[in-house]
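Visitor: First the structure, then my questions, so here it is.
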Amino acid sequence: MLQEADIEQAVDLQARSYALLKWMAEGIRRGFIGFDAAHAYAHDAQAAAAWIERHYADLPPPARPPREHLAAFCRLFTTYLDGGQRLVRDPGQRLYSPDAHCFCEMCSWYIHKASLTARTISSGDRRRADRQMRHSLDELALEHDRLLEDGDVDRLMRDPAFRQALELYAYTETLLRRLRGGGAEIGVPLALWRRFAWTEQGAPKRKFRLSVESILDASALLRQRLAALS
């Protein structure tokens, strides 16, 4: 069962750790952080902790972890590159035009590409995300002394609100596991994230923010539907 205090910590550290990863990528692009050093920090929790301690005062406040949660922060921070994000050594440049309205020489110019990119979601990632959702649902059903049959799951998943709540709930479980050092299957966090934080057209929802309230609401909806099923 998800605990509110754990969710509050997870949401805060998720925002800070991703902000640090983006800041680090910008540092690579601008040349004040070496690519090899950044790659090492982003893969090893102990190296990340030592680096953060040395540069703690220099980190932007939104990316600076509370010292009492540094270990959990670093465990989460070092899962991003394995979970679907990628640091790029030499991203190059791309042609840019405001609102992509015209790419003539007067209306467009070259800008640096991002030093942080996300992997393309594969069919394997989607299958693993489905498996994580089913696992989360089965664990939740056991709290109601219920073993779900495939028919039960099919009926529940036909409800879009239930499906999106389960996507968010499953993502939160992977987030908590990453904070504790358990990691996550390759591509699963990113695949789950894009199911509820992106539009059906494949773009980030502009005003979406992971929140404690949305996770608690998702958990309550799932429990309500499971109780009714019983």
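If you're wondering about the labels, chains in the structure tokens are A, B, ... by order shown, residues count from 1 in each chain, ligands from 1 in order shown.
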Excluding Pro65 in chain A and any residue of its chain fewer than 4 positions from it, enumerate the residues within 9 Å of it, using only C-alpha atoms, and give them as a PyMOL selection string.

Guide: chain A and resi 12-13+16-17+52+56+61+69-70+73-74

Visitor: Taking only C-alpha atoms into account, which of A:Leu179, A:Ala47, A:Ala218, A:Ala15 comes nearest Phe196 in chain A?

Guide: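 Residue with the minimum atom-to-atom distance to Phe196 in chain A: A:Ala218.
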
Visitor: Quick one: residues within 8 Å of Ile121 in chain A, only C-alpha atoms counted, chain neighbours fewer than 5 positions away excluded, as a PDB file with all heavy atoms, in the first residue's frame?

Guide:
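What landed in out-v6.pdb:
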ATOM      1  N   ARG A 126       6.919  -1.460 -24.137  1.00  0.00           N
ATOM      2  CA  ARG A 126       5.466  -1.433 -23.908  1.00  0.00           C
ATOM      3  C   ARG A 126       5.002  -2.731 -23.244  1.00  0.00           C
ATOM      4  O   ARG A 126       4.146  -2.701 -22.348  1.00  0.00           O
ATOM      5  CB  ARG A 126       4.737  -1.193 -25.224  1.00  0.00           C
ATOM      6  CG  ARG A 126       4.849   0.243 -25.731  1.00  0.00           C
ATOM      7  CD  ARG A 126       3.936   0.492 -26.916  1.00  0.00           C
ATOM      8  NE  ARG A 126       4.489  -0.082 -28.136  1.00  0.00           N
ATOM      9  CZ  ARG A 126       5.309   0.574 -28.968  1.00  0.00           C
ATOM     10  NH1 ARG A 126       5.687   1.805 -28.679  1.00  0.00           N
ATOM     11  NH2 ARG A 126       5.770   0.003 -30.062  1.00  0.00           N
ATOM     12  N   GLY A 187      13.390   0.763 -19.771  1.00  0.00           N
ATOM     13  CA  GLY A 187      12.321   1.387 -20.546  1.00  0.00           C
ATOM     14  C   GLY A 187      10.982   1.496 -19.866  1.00  0.00           C
ATOM     15  O   GLY A 187      10.111   2.218 -20.336  1.00  0.00           O
ATOM     16  N   LEU A 190       9.913   5.150 -18.389  1.00  0.00           N
ATOM     17  CA  LEU A 190       9.639   6.080 -19.484  1.00  0.00           C
ATOM     18  C   LEU A 190       8.364   5.700 -20.221  1.00  0.00           C
ATOM     19  O   LEU A 190       7.543   6.559 -20.573  1.00  0.00           O
ATOM     20  CB  LEU A 190      10.822   6.111 -20.451  1.00  0.00           C
ATOM     21  CG  LEU A 190      10.745   7.137 -21.582  1.00  0.00           C
ATOM     22  CD1 LEU A 190      10.691   8.558 -21.022  1.00  0.00           C
ATOM     23  CD2 LEU A 190      11.942   6.980 -22.518  1.00  0.00           C
ATOM     24  N   ALA A 191       8.168   4.405 -20.478  1.00  0.00           N
ATOM     25  CA  ALA A 191       6.967   3.955 -21.187  1.00  0.00           C
ATOM     26  C   ALA A 191       5.708   4.257 -20.382  1.00  0.00           C
ATOM     27  O   ALA A 191       4.690   4.707 -20.944  1.00  0.00           O
ATOM     28  CB  ALA A 191       7.060   2.458 -21.480  1.00  0.00           C
TER      29      ALA A 191
END

Visitor: For Ala197 in chain A, please output as a list in words all residues within 12 Å (counting only C-alpha atoms; exclusion window: fewer than 4 positions along the same chain).

Guide: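 After dropping sequence-adjacent residues, the list is Gln164, Ala165, Glu167, Leu168, Tyr171, Pro189, Leu190, Ala191, Leu192, Trp193, Gln201, Gly202, Ala203, Pro204, Lys205, Arg206, Lys207, Phe208, Arg209, Leu210, Ser211 and Ser214 of chain A.
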
Visitor: For a quick check of understanding, using only C-alpha atoms, which of A:Ala72, A:Leu226, A:Leu81, A:Ile28 has the smallest distance to Asp152 in chain A?

Guide: A:Leu226

Visitor: Between A:His39, A:Arg128, A:Lys22, A:Arg119, which one has atoms that come closest to Thr78 in chain A, using only C-alpha atoms?

Guide: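 Under the stated criterion, the closest residue is A:His39.
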
Visitor: From the list A:Arg225, A:His43, A:Arg64, A:Arg195, which residue is nearest Tyr18 in chain A when using only C-alpha atoms?

Guide: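 Ranking A:Arg225, A:His43, A:Arg64, A:Arg195 by distance to Tyr18 in chain A, first place goes to A:Arg64.
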
Visitor: Just checking: using only C-alpha atoms, which residue out of A:Ala71, A:Trp198, A:Gln85, A:Arg29 ends up closest to Gln46 in chain A?

Guide: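 Comparing A:Ala71, A:Trp198, A:Gln85, A:Arg29 against Gln46 in chain A, the winner is A:Ala71.
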
Visitor: DSSP on the backbone, strand (DSSP E or B) only: what residues of range 44-217 of chain A does that give? Format it as a list in words.

Guide: Gln85, Arg86, Leu87, Gln93, Arg94, Leu95, Tyr96, Trp109, Tyr110, Ile111, His112, Leu116, Thr117, Ala118, Trp198 and Pro204 of chain A

Visitor: Once DSSP has gone over the backbone, tell me which residues of chain A are in alpha helix (DSSP H), as JSON, numbers by chain.

Guide: {"A": [4, 5, 6, 7, 8, 9, 10, 11, 12, 13, 14, 15, 16, 17, 18, 19, 20, 21, 22, 23, 24, 25, 26, 27, 28, 29, 30, 35, 36, 37, 38, 39, 40, 41, 45, 46, 47, 48, 49, 50, 51, 52, 53, 54, 70, 71, 72, 73, 74, 75, 76, 77, 80, 81, 82, 83, 123, 124, 125, 126, 127, 128, 129, 130, 131, 132, 133, 134, 135, 136, 137, 138, 139, 140, 141, 142, 150, 151, 152, 153, 154, 155, 156, 157, 160, 161, 162, 163, 164, 165, 166, 167, 168, 169, 170, 171, 172, 173, 174, 175, 176, 177, 178, 179, 188, 189, 190, 191, 192, 193, 194, 195, 196, 197, 212, 213, 214, 215, 216, 217, 218, 219, 220, 221, 222, 223, 224, 225, 226, 227, 228, 229]}

Visitor: Report the distance between CA of Arg134 in chain A and CA of Thr117 in chain A in Å, rounded to one decimal place.

Guide: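 Spanning CA of Arg134 in chain A to CA of Thr117 in chain A is a straight-line distance of 28.4 Å.
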